[in-house]
Amino acid sequence: MLEFFKAIIFGIVEGITEWLPISSTGHMILLNEFLTLNVSKAFWDMFLVVIQLGAILAVVVLFWNQIWPFALTKGKVAVKMEIIINWMKIVVACLPAIVFVLLDLDDICDELFYNPIGVSVALIVFGIAFIIIENRNAGKQARVERMSDITWKMAVLIGLFQLLAAAFPGTSRSGATIIGALLIGISRKAASEFTFILAIPVMLGASLLEILDFGFALTGSEWMILLGGMVSAFVVSVIVIKFLLSYIRKHDFKVFGWYRIALGVVVLFYFFLIK
C-alpha cells in the first residue's frame, strides 16, 4: 500500500507538470530523490511513461468536441471537416518526432543529456526564453487567435520545436511547443490547445511502445501501482488544464519562466552542493 500511495503522488506531480510548461522531467528527478518507488528499474522506466496515459485521457475528455469529427444528425453521420483538417495538421506536426525516434536519436540524447546538469540547463535556458519572448510580444496582437487558423507551415514549425523537448530532457514538451507557437505569432490560447491535442498521439504512441517493450506480465502490485499513478494523473490533469486555459486569458507565461529558472538552480544546488 505504501508503494501505491507513492504512485499516487507521482501521478499528481505528472498531472501538474505535464501541462504547465515547467518540465515534468525536472520534477520527477527531484521527487525520485526523496520518494523512490520500490520497483525494478525496468518497471520504473515504463511507469514514468505510461502514467502519461492518465494525463492524455484528461485531454480527450476536456477537448472531445474539438477532437471527435463525427456527429449524428437526423439519423445520419455528419463529418466535421474542420476537425479532420486539424487532425491532419497534428499528424504533420508529429512527423519530425517520429523520424527522431525511428533514428534512435532519442536514446542518444537521453544518454548525453538526461542528467542533473543537462536538465538544469534546459530548465534555465527555456525559462529565460519564456521571459524574453513574452516581453517581446507584450502589447502585440497575435497573428493567429484560433487553433483552426494554424497553417500547415506553422504546424511543421511547432513539430520542429517539439523536437527540442525530445533532444533535451528538462525542456518540457508543452514548454517547447508553446514557445515555438508564440514565436511564430500564435495566441497563448491557440498555442496551448494545439499543444494539448498534439500530446495525444505523441504520448499515446510513447506509452504503447513502453508497454510493448516491457510486456503485459505485471504482478498484482505492479498493476495497482500503475493504475494508481494513472488515475491520479488523470484527475489532476483535468484540474490543471482547466486552470491553465483560464489563467492565460489574463496572464502571460513569464511566471512559469521564473519558476523554471528557480527550479533549475535548485536542481543544480541539490545535486552538486548537498548530495
# chains A, B, ... in the order shown; residues from 1 in each chain; ligands from 1

$ closest_atom_pairs --of "region 82-147 of chain A" --to "region 168-192 of chain A" --cutoff "7 Å" --atoms "only C-alpha atoms" --output "Markdown table"
| residue | atom | partner | partner_atom | distance |
| --- | --- | --- | --- | --- |
| A:Cys109 | CA | A:Phe168 | CA | 6.8 |
| A:Phe113 | CA | A:Phe168 | CA | 6.2 |
| A:Tyr114 | CA | A:Pro169 | CA | 5.8 |
| A:Val119 | CA | A:Gly170 | CA | 4.4 |
| A:Ser120 | CA | A:Gly170 | CA | 6.9 |
| A:Ala122 | CA | A:Thr171 | CA | 5.0 |
| A:Leu123 | CA | A:Gly170 | CA | 5.5 |
| A:Phe126 | CA | A:Thr171 | CA | 6.5 |
| A:Phe130 | CA | A:Ile179 | CA | 6.7 |
| A:Ile133 | CA | A:Leu183 | CA | 7.0 |
| A:Ala142 | CA | A:Gly185 | CA | 5.1 |
| A:Arg143 | CA | A:Gly185 | CA | 5.0 |
| A:Val144 | CA | A:Ile186 | CA | 4.7 |
| A:Glu145 | CA | A:Ser187 | CA | 5.2 |
| A:Arg146 | CA | A:Ala190 | CA | 5.2 |
| A:Met147 | CA | A:Ala190 | CA | 4.7 |

$ residues_around --residues "region 3-5 of chain A" --least-positions-apart "3" --cutoff "7 Å" --atoms "only C-alpha atoms" --output "number ranges by chain"
A: 8-9, 37-38, 224-225, 228

$ write_last_selection --atoms "all heavy atoms" --output "short mmCIF file (atom, residue, chain, number, x, y, z; two decimals), in the first residue's frame"
data_model
loop_
_atom_site.label_atom_id
_atom_site.label_comp_id
_atom_site.auth_asym_id
_atom_site.auth_seq_id
_atom_site.Cartn_x
_atom_site.Cartn_y
_atom_site.Cartn_z
N ILE A 8 0.54 7.42 -6.39
CA ILE A 8 -0.46 8.49 -6.47
C ILE A 8 0.23 9.85 -6.45
O ILE A 8 -0.13 10.76 -7.21
CB ILE A 8 -1.48 8.37 -5.32
CG1 ILE A 8 -2.39 7.16 -5.55
CG2 ILE A 8 -2.32 9.65 -5.20
CD1 ILE A 8 -3.37 6.91 -4.43
N ILE A 9 1.24 9.99 -5.60
CA ILE A 9 1.98 11.26 -5.53
C ILE A 9 2.70 11.53 -6.84
O ILE A 9 2.69 12.65 -7.36
CB ILE A 9 2.98 11.24 -4.35
CG1 ILE A 9 2.22 11.17 -3.02
CG2 ILE A 9 3.88 12.48 -4.39
CD1 ILE A 9 3.10 10.98 -1.81
N LEU A 37 10.17 4.77 -5.60
CA LEU A 37 9.32 3.59 -5.66
C LEU A 37 10.17 2.32 -5.54
O LEU A 37 11.21 2.20 -6.19
CB LEU A 37 8.55 3.55 -6.98
CG LEU A 37 7.25 4.36 -7.10
CD1 LEU A 37 6.72 4.28 -8.52
CD2 LEU A 37 6.20 3.87 -6.12
N ASN A 38 9.72 1.39 -4.74
CA ASN A 38 10.45 0.14 -4.54
C ASN A 38 10.05 -0.86 -5.64
O ASN A 38 9.32 -1.81 -5.41
CB ASN A 38 10.15 -0.44 -3.16
CG ASN A 38 10.99 -1.67 -2.85
OD1 ASN A 38 12.07 -1.86 -3.42
ND2 ASN A 38 10.50 -2.51 -1.96
N MET A 224 -1.48 -2.37 -9.58
CA MET A 224 -2.05 -1.42 -8.62
C MET A 224 -1.26 -0.10 -8.63
O MET A 224 -1.84 0.99 -8.64
CB MET A 224 -2.04 -2.02 -7.22
CG MET A 224 -2.71 -1.14 -6.16
SD MET A 224 -2.81 -1.94 -4.55
CE MET A 224 -1.07 -2.02 -4.11
N ILE A 225 0.05 -0.20 -8.64
CA ILE A 225 0.91 0.99 -8.65
C ILE A 225 0.69 1.78 -9.94
O ILE A 225 0.53 3.01 -9.91
CB ILE A 225 2.40 0.57 -8.52
CG1 ILE A 225 2.67 0.05 -7.12
CG2 ILE A 225 3.32 1.75 -8.85
CD1 ILE A 225 4.03 -0.62 -6.97
N GLY A 228 -2.80 3.37 -10.02
CA GLY A 228 -2.86 4.46 -9.05
C GLY A 228 -2.24 5.73 -9.60
O GLY A 228 -2.79 6.83 -9.47
#

$ select_by_dssp --residues "region 105-248 of chain A" --states "alpha helix (DSSP H)" --output "PyMOL selection string"
chain A and resi 105-113+116-137+152-167+173-183+188-214+220-247

$ atom_distance --atom1 "CA of Ser207 (chain A)" --atom2 "CA of Val49 (chain A)"
5.6 Å

$ residues_around --residues "region 41-48 of chain A" --least-positions-apart "3" --cutoff "10 Å" --atoms "only C-alpha atoms" --output "PDB file with N, CA and C atoms, in the first residue's frame"
ATOM      1  N   ALA A   7       2.859   6.059  -5.721  1.00  0.00           N
ATOM      2  CA  ALA A   7       2.475   6.162  -7.136  1.00  0.00           C
ATOM      3  C   ALA A   7       1.449   7.270  -7.330  1.00  0.00           C
ATOM      4  N   PHE A  10       3.311  10.495  -7.415  1.00  0.00           N
ATOM      5  CA  PHE A  10       3.968  10.661  -8.717  1.00  0.00           C
ATOM      6  C   PHE A  10       2.949  11.057  -9.786  1.00  0.00           C
ATOM      7  N   GLY A  11       1.769  10.459  -9.722  1.00  0.00           N
ATOM      8  CA  GLY A  11       0.717  10.811 -10.681  1.00  0.00           C
ATOM      9  C   GLY A  11       0.275  12.255 -10.524  1.00  0.00           C
ATOM     10  N   GLU A  14       2.937  14.366 -12.071  1.00  0.00           N
ATOM     11  CA  GLU A  14       2.834  14.230 -13.529  1.00  0.00           C
ATOM     12  C   GLU A  14       1.681  15.077 -14.066  1.00  0.00           C
ATOM     13  N   SER A  24       8.164  18.166 -16.633  1.00  0.00           N
ATOM     14  CA  SER A  24       7.869  17.031 -15.759  1.00  0.00           C
ATOM     15  C   SER A  24       9.154  16.300 -15.395  1.00  0.00           C
ATOM     16  N   THR A  25      10.139  16.277 -16.310  1.00  0.00           N
ATOM     17  CA  THR A  25      11.394  15.564 -16.069  1.00  0.00           C
ATOM     18  C   THR A  25      12.135  16.120 -14.852  1.00  0.00           C
ATOM     19  N   MET A  28      10.296  15.136 -11.694  1.00  0.00           N
ATOM     20  CA  MET A  28      10.398  13.707 -11.400  1.00  0.00           C
ATOM     21  C   MET A  28      11.779  13.336 -10.865  1.00  0.00           C
ATOM     22  N   THR A  36      11.332   7.336  -3.518  1.00  0.00           N
ATOM     23  CA  THR A  36      11.669   6.314  -4.506  1.00  0.00           C
ATOM     24  C   THR A  36      10.695   5.145  -4.439  1.00  0.00           C
ATOM     25  N   LEU A  37      10.172   4.767  -5.597  1.00  0.00           N
ATOM     26  CA  LEU A  37       9.318   3.588  -5.658  1.00  0.00           C
ATOM     27  C   LEU A  37      10.173   2.322  -5.543  1.00  0.00           C
ATOM     28  N   ASN A  38       9.724   1.392  -4.737  1.00  0.00           N
ATOM     29  CA  ASN A  38      10.451   0.138  -4.544  1.00  0.00           C
ATOM     30  C   ASN A  38      10.052  -0.856  -5.635  1.00  0.00           C
ATOM     31  N   ILE A  51       2.157   6.403 -17.049  1.00  0.00           N
ATOM     32  CA  ILE A  51       1.199   7.191 -16.261  1.00  0.00           C
ATOM     33  C   ILE A  51       0.716   8.406 -17.066  1.00  0.00           C
ATOM     34  N   GLN A  52       1.439   8.708 -18.156  1.00  0.00           N
ATOM     35  CA  GLN A  52       1.001   9.796 -19.031  1.00  0.00           C
ATOM     36  C   GLN A  52      -0.335   9.474 -19.700  1.00  0.00           C
ATOM     37  N   ALA A 206       4.180   6.840 -27.355  1.00  0.00           N
ATOM     38  CA  ALA A 206       5.295   6.551 -26.454  1.00  0.00           C
ATOM     39  C   ALA A 206       4.886   5.539 -25.380  1.00  0.00           C
ATOM     40  N   SER A 207       3.674   5.693 -24.855  1.00  0.00           N
ATOM     41  CA  SER A 207       3.196   4.784 -23.811  1.00  0.00           C
ATOM     42  C   SER A 207       3.015   3.366 -24.348  1.00  0.00           C
ATOM     43  N   LEU A 208       2.426   3.250 -25.528  1.00  0.00           N
ATOM     44  CA  LEU A 208       2.210   1.924 -26.116  1.00  0.00           C
ATOM     45  C   LEU A 208       3.536   1.227 -26.403  1.00  0.00           C
ATOM     46  N   LEU A 209       4.528   1.970 -26.883  1.00  0.00           N
ATOM     47  CA  LEU A 209       5.843   1.377 -27.136  1.00  0.00           C
ATOM     48  C   LEU A 209       6.474   0.873 -25.845  1.00  0.00           C
ATOM     49  N   GLU A 210       6.324   1.649 -24.761  1.00  0.00           N
ATOM     50  CA  GLU A 210       6.876   1.237 -23.470  1.00  0.00           C
ATOM     51  C   GLU A 210       6.185  -0.018 -22.956  1.00  0.00           C
ATOM     52  N   ILE A 211       4.861  -0.078 -23.106  1.00  0.00           N
ATOM     53  CA  ILE A 211       4.108  -1.247 -22.647  1.00  0.00           C
ATOM     54  C   ILE A 211       4.518  -2.494 -23.429  1.00  0.00           C
ATOM     55  N   LEU A 212       4.624  -2.352 -24.755  1.00  0.00           N
ATOM     56  CA  LEU A 212       5.021  -3.488 -25.591  1.00  0.00           C
ATOM     57  C   LEU A 212       6.426  -3.948 -25.266  1.00  0.00           C
ATOM     58  N   ASP A 213       7.306  -2.980 -24.991  1.00  0.00           N
ATOM     59  CA  ASP A 213       8.694  -3.316 -24.662  1.00  0.00           C
ATOM     60  C   ASP A 213       8.788  -4.025 -23.311  1.00  0.00           C
ATOM     61  N   PHE A 214       7.992  -3.584 -22.349  1.00  0.00           N
ATOM     62  CA  PHE A 214       8.021  -4.171 -21.007  1.00  0.00           C
ATOM     63  C   PHE A 214       7.265  -5.496 -20.964  1.00  0.00           C
ATOM     64  N   GLY A 215       6.171  -5.572 -21.740  1.00  0.00           N
ATOM     65  CA  GLY A 215       5.330  -6.764 -21.702  1.00  0.00           C
ATOM     66  C   GLY A 215       4.158  -6.567 -20.760  1.00  0.00           C
ATOM     67  N   LEU A 218       2.631  -8.129 -15.677  1.00  0.00           N
ATOM     68  CA  LEU A 218       2.796  -7.366 -14.452  1.00  0.00           C
ATOM     69  C   LEU A 218       2.207  -8.134 -13.269  1.00  0.00           C
ATOM     70  N   GLU A 222       2.154  -4.454  -9.138  1.00  0.00           N
ATOM     71  CA  GLU A 222       2.594  -3.542 -10.203  1.00  0.00           C
ATOM     72  C   GLU A 222       1.402  -2.920 -10.918  1.00  0.00           C
ATOM     73  N   ILE A 225       0.053  -0.198  -8.636  1.00  0.00           N
ATOM     74  CA  ILE A 225       0.912   0.987  -8.654  1.00  0.00           C
ATOM     75  C   ILE A 225       0.689   1.783  -9.938  1.00  0.00           C
ATOM     76  N   LEU A 226       0.662   1.074 -11.079  1.00  0.00           N
ATOM     77  CA  LEU A 226       0.497   1.734 -12.373  1.00  0.00           C
ATOM     78  C   LEU A 226      -0.857   2.427 -12.477  1.00  0.00           C
ATOM     79  N   LEU A 227      -1.920   1.726 -12.074  1.00  0.00           N
ATOM     80  CA  LEU A 227      -3.264   2.310 -12.150  1.00  0.00           C
ATOM     81  C   LEU A 227      -3.420   3.471 -11.174  1.00  0.00           C
ATOM     82  N   GLY A 229      -1.091   5.586 -10.269  1.00  0.00           N
ATOM     83  CA  GLY A 229      -0.427   6.733 -10.880  1.00  0.00           C
ATOM     84  C   GLY A 229      -1.235   7.312 -12.029  1.00  0.00           C
ATOM     85  N   MET A 230      -1.833   6.444 -12.838  1.00  0.00           N
ATOM     86  CA  MET A 230      -2.606   6.913 -13.989  1.00  0.00           C
ATOM     87  C   MET A 230      -3.873   7.647 -13.561  1.00  0.00           C
TER      88      MET A 230
END

$ closest_atom_pairs --of "region 169-273 of chain A" --to "region 72-87 of chain A" --cutoff "10 Å" --atoms "only C-alpha atoms" --output "JSON lines"
{"residue": "A:Phe194", "atom": "CA", "partner": "A:Asn86", "partner_atom": "CA", "distance": 9.0}
{"residue": "A:Ile197", "atom": "CA", "partner": "A:Trp87", "partner_atom": "CA", "distance": 8.8}
{"residue": "A:Leu198", "atom": "CA", "partner": "A:Trp87", "partner_atom": "CA", "distance": 8.8}

$ atom_distance --atom1 "CA of Phe234 (chain A)" --atom2 "CA of Trp19 (chain A)"
11.5 Å

$ atom_distance --atom1 "CA of Phe196 (chain A)" --atom2 "CA of Ile56 (chain A)"
8.5 Å

$ residues_around --residues "Ile90 (chain A)" --least-positions-apart "5" --cutoff "12 Å" --atoms "only C-alpha atoms" --output "PDB file with C-alpha atoms, in the first residue's frame"
ATOM      1  CA  ILE A  67     -11.117  16.162 -31.496  1.00  0.00           C
ATOM      2  CA  ILE A  83     -11.667  18.849 -37.124  1.00  0.00           C
ATOM      3  CA  ILE A  84     -10.392  16.443 -39.800  1.00  0.00           C
ATOM      4  CA  ILE A  85      -8.096  19.179 -41.127  1.00  0.00           C
ATOM      5  CA  LEU A  95       6.330  13.760 -38.267  1.00  0.00           C
ATOM      6  CA  PRO A  96       9.616  15.308 -37.014  1.00  0.00           C
ATOM      7  CA  ALA A  97       9.263  13.442 -33.705  1.00  0.00           C
ATOM      8  CA  MET A 147      -6.342  26.711 -33.422  1.00  0.00           C
ATOM      9  CA  SER A 148      -8.170  26.042 -36.700  1.00  0.00           C
ATOM     10  CA  ILE A 150      -2.916  27.499 -37.687  1.00  0.00           C
ATOM     11  CA  THR A 151      -1.357  26.978 -41.107  1.00  0.00           C
ATOM     12  CA  TRP A 152       0.390  23.854 -42.386  1.00  0.00           C
ATOM     13  CA  LYS A 153       3.722  25.651 -42.244  1.00  0.00           C
ATOM     14  CA  MET A 154       3.080  26.655 -38.638  1.00  0.00           C
ATOM     15  CA  ALA A 155       2.211  23.048 -37.771  1.00  0.00           C
ATOM     16  CA  VAL A 156       5.555  21.866 -39.180  1.00  0.00           C
ATOM     17  CA  LEU A 157       7.433  24.558 -37.237  1.00  0.00           C
ATOM     18  CA  ILE A 158       5.675  23.611 -33.992  1.00  0.00           C
ATOM     19  CA  GLY A 159       6.612  19.978 -34.653  1.00  0.00           C
ATOM     20  CA  GLN A 162       8.732  19.785 -30.138  1.00  0.00           C
ATOM     21  CA  GLU A 193      -4.896  23.963 -27.251  1.00  0.00           C
ATOM     22  CA  PHE A 194      -2.723  22.780 -30.152  1.00  0.00           C
ATOM     23  CA  THR A 195      -0.083  21.622 -27.670  1.00  0.00           C
ATOM     24  CA  PHE A 196      -2.608  19.668 -25.603  1.00  0.00           C
ATOM     25  CA  ILE A 197      -4.110  17.882 -28.611  1.00  0.00           C
ATOM     26  CA  LEU A 198      -0.676  17.287 -30.158  1.00  0.00           C
ATOM     27  CA  ALA A 199       0.194  15.397 -26.966  1.00  0.00           C
ATOM     28  CA  ILE A 200      -2.477  12.757 -27.649  1.00  0.00           C
ATOM     29  CA  PRO A 201      -0.727  10.850 -30.483  1.00  0.00           C
ATOM     30  CA  VAL A 202       2.778  11.640 -29.174  1.00  0.00           C
TER      31      VAL A 202
END

$ select_by_dssp --residues "region 66-216 of chain A" --states "strand (DSSP E)" --output "list in words"
Phe70, Ala71, Leu72, Thr73, Lys76, Val77, Ala78 and Val79 of chain A

$ write_last_selection --atoms "C-alpha atoms" --output "mmCIF file, in the first residue's frame"
data_model
loop_
_atom_site.group_PDB
_atom_site.id
_atom_site.type_symbol
_atom_site.label_atom_id
_atom_site.label_comp_id
_atom_site.auth_asym_id
_atom_site.auth_seq_id
_atom_site.Cartn_x
_atom_site.Cartn_y
_atom_site.Cartn_z
ATOM 1 C CA PHE A 70 -18.263 12.737 -36.331
ATOM 2 C CA ALA A 71 -21.763 13.776 -35.299
ATOM 3 C CA LEU A 72 -25.150 12.103 -35.652
ATOM 4 C CA THR A 73 -27.639 14.472 -37.311
ATOM 5 C CA LYS A 76 -27.089 10.421 -40.490
ATOM 6 C CA VAL A 77 -23.417 10.667 -39.648
ATOM 7 C CA ALA A 78 -22.009 14.122 -40.371
ATOM 8 C CA VAL A 79 -18.278 14.770 -40.666
#

$ closest_residue --among "A:Ile16, A:Glu33, A:Leu263, A:Gly257" --to "Ile239 (chain A)" --atoms "only C-alpha atoms"
A:Ile16

$ closest_atom_pairs --of "region 3-121 of chain A" --to "region 240-247 of chain A" --cutoff "9 Å" --atoms "only C-alpha atoms" --output "CSV"
residue,atom,partner,partner_atom,distance
A:Gly15,CA,A:Val240,CA,7.2
A:Ile16,CA,A:Val240,CA,6.0
A:Thr17,CA,A:Val240,CA,8.9
A:Trp19,CA,A:Ile241,CA,6.6
A:Leu20,CA,A:Leu244,CA,7.3
A:Ala58,CA,A:Ile241,CA,8.3
A:Val59,CA,A:Ile241,CA,8.0
A:Leu62,CA,A:Lys242,CA,8.5

$ residues_around --residues "Phe272 (chain A)" --least-positions-apart "6" --cutoff "10 Å" --atoms "only C-alpha atoms" --output "PyMOL selection string"
chain A and resi 116-117+266

$ write_last_selection --atoms "all heavy atoms" --output "CSV table (one decimal), in the first residue's frame"
chain,number,residue,atom,x,y,z
A,116,PRO,N,21.5,15.6,-14.1
A,116,PRO,CA,21.1,16.9,-13.4
A,116,PRO,C,21.6,18.2,-14.1
A,116,PRO,O,20.9,19.2,-14.2
A,116,PRO,CB,21.8,16.7,-12.1
A,116,PRO,CG,21.8,15.3,-11.8
A,116,PRO,CD,22.0,14.7,-13.2
A,117,ILE,N,22.8,18.1,-14.7
A,117,ILE,CA,23.4,19.3,-15.4
A,117,ILE,C,22.5,19.6,-16.6
A,117,ILE,O,22.1,20.7,-16.9
A,117,ILE,CB,24.8,19.1,-15.8
A,117,ILE,CG1,25.7,19.0,-14.5
A,117,ILE,CG2,25.3,20.3,-16.7
A,117,ILE,CD1,27.2,18.8,-14.8
A,266,VAL,N,17.7,25.1,-8.2
A,266,VAL,CA,17.5,24.2,-7.1
A,266,VAL,C,18.1,22.8,-7.4
A,266,VAL,O,18.8,22.2,-6.6
A,266,VAL,CB,16.0,24.1,-6.7
A,266,VAL,CG1,15.8,22.9,-5.8
A,266,VAL,CG2,15.5,25.3,-6.0
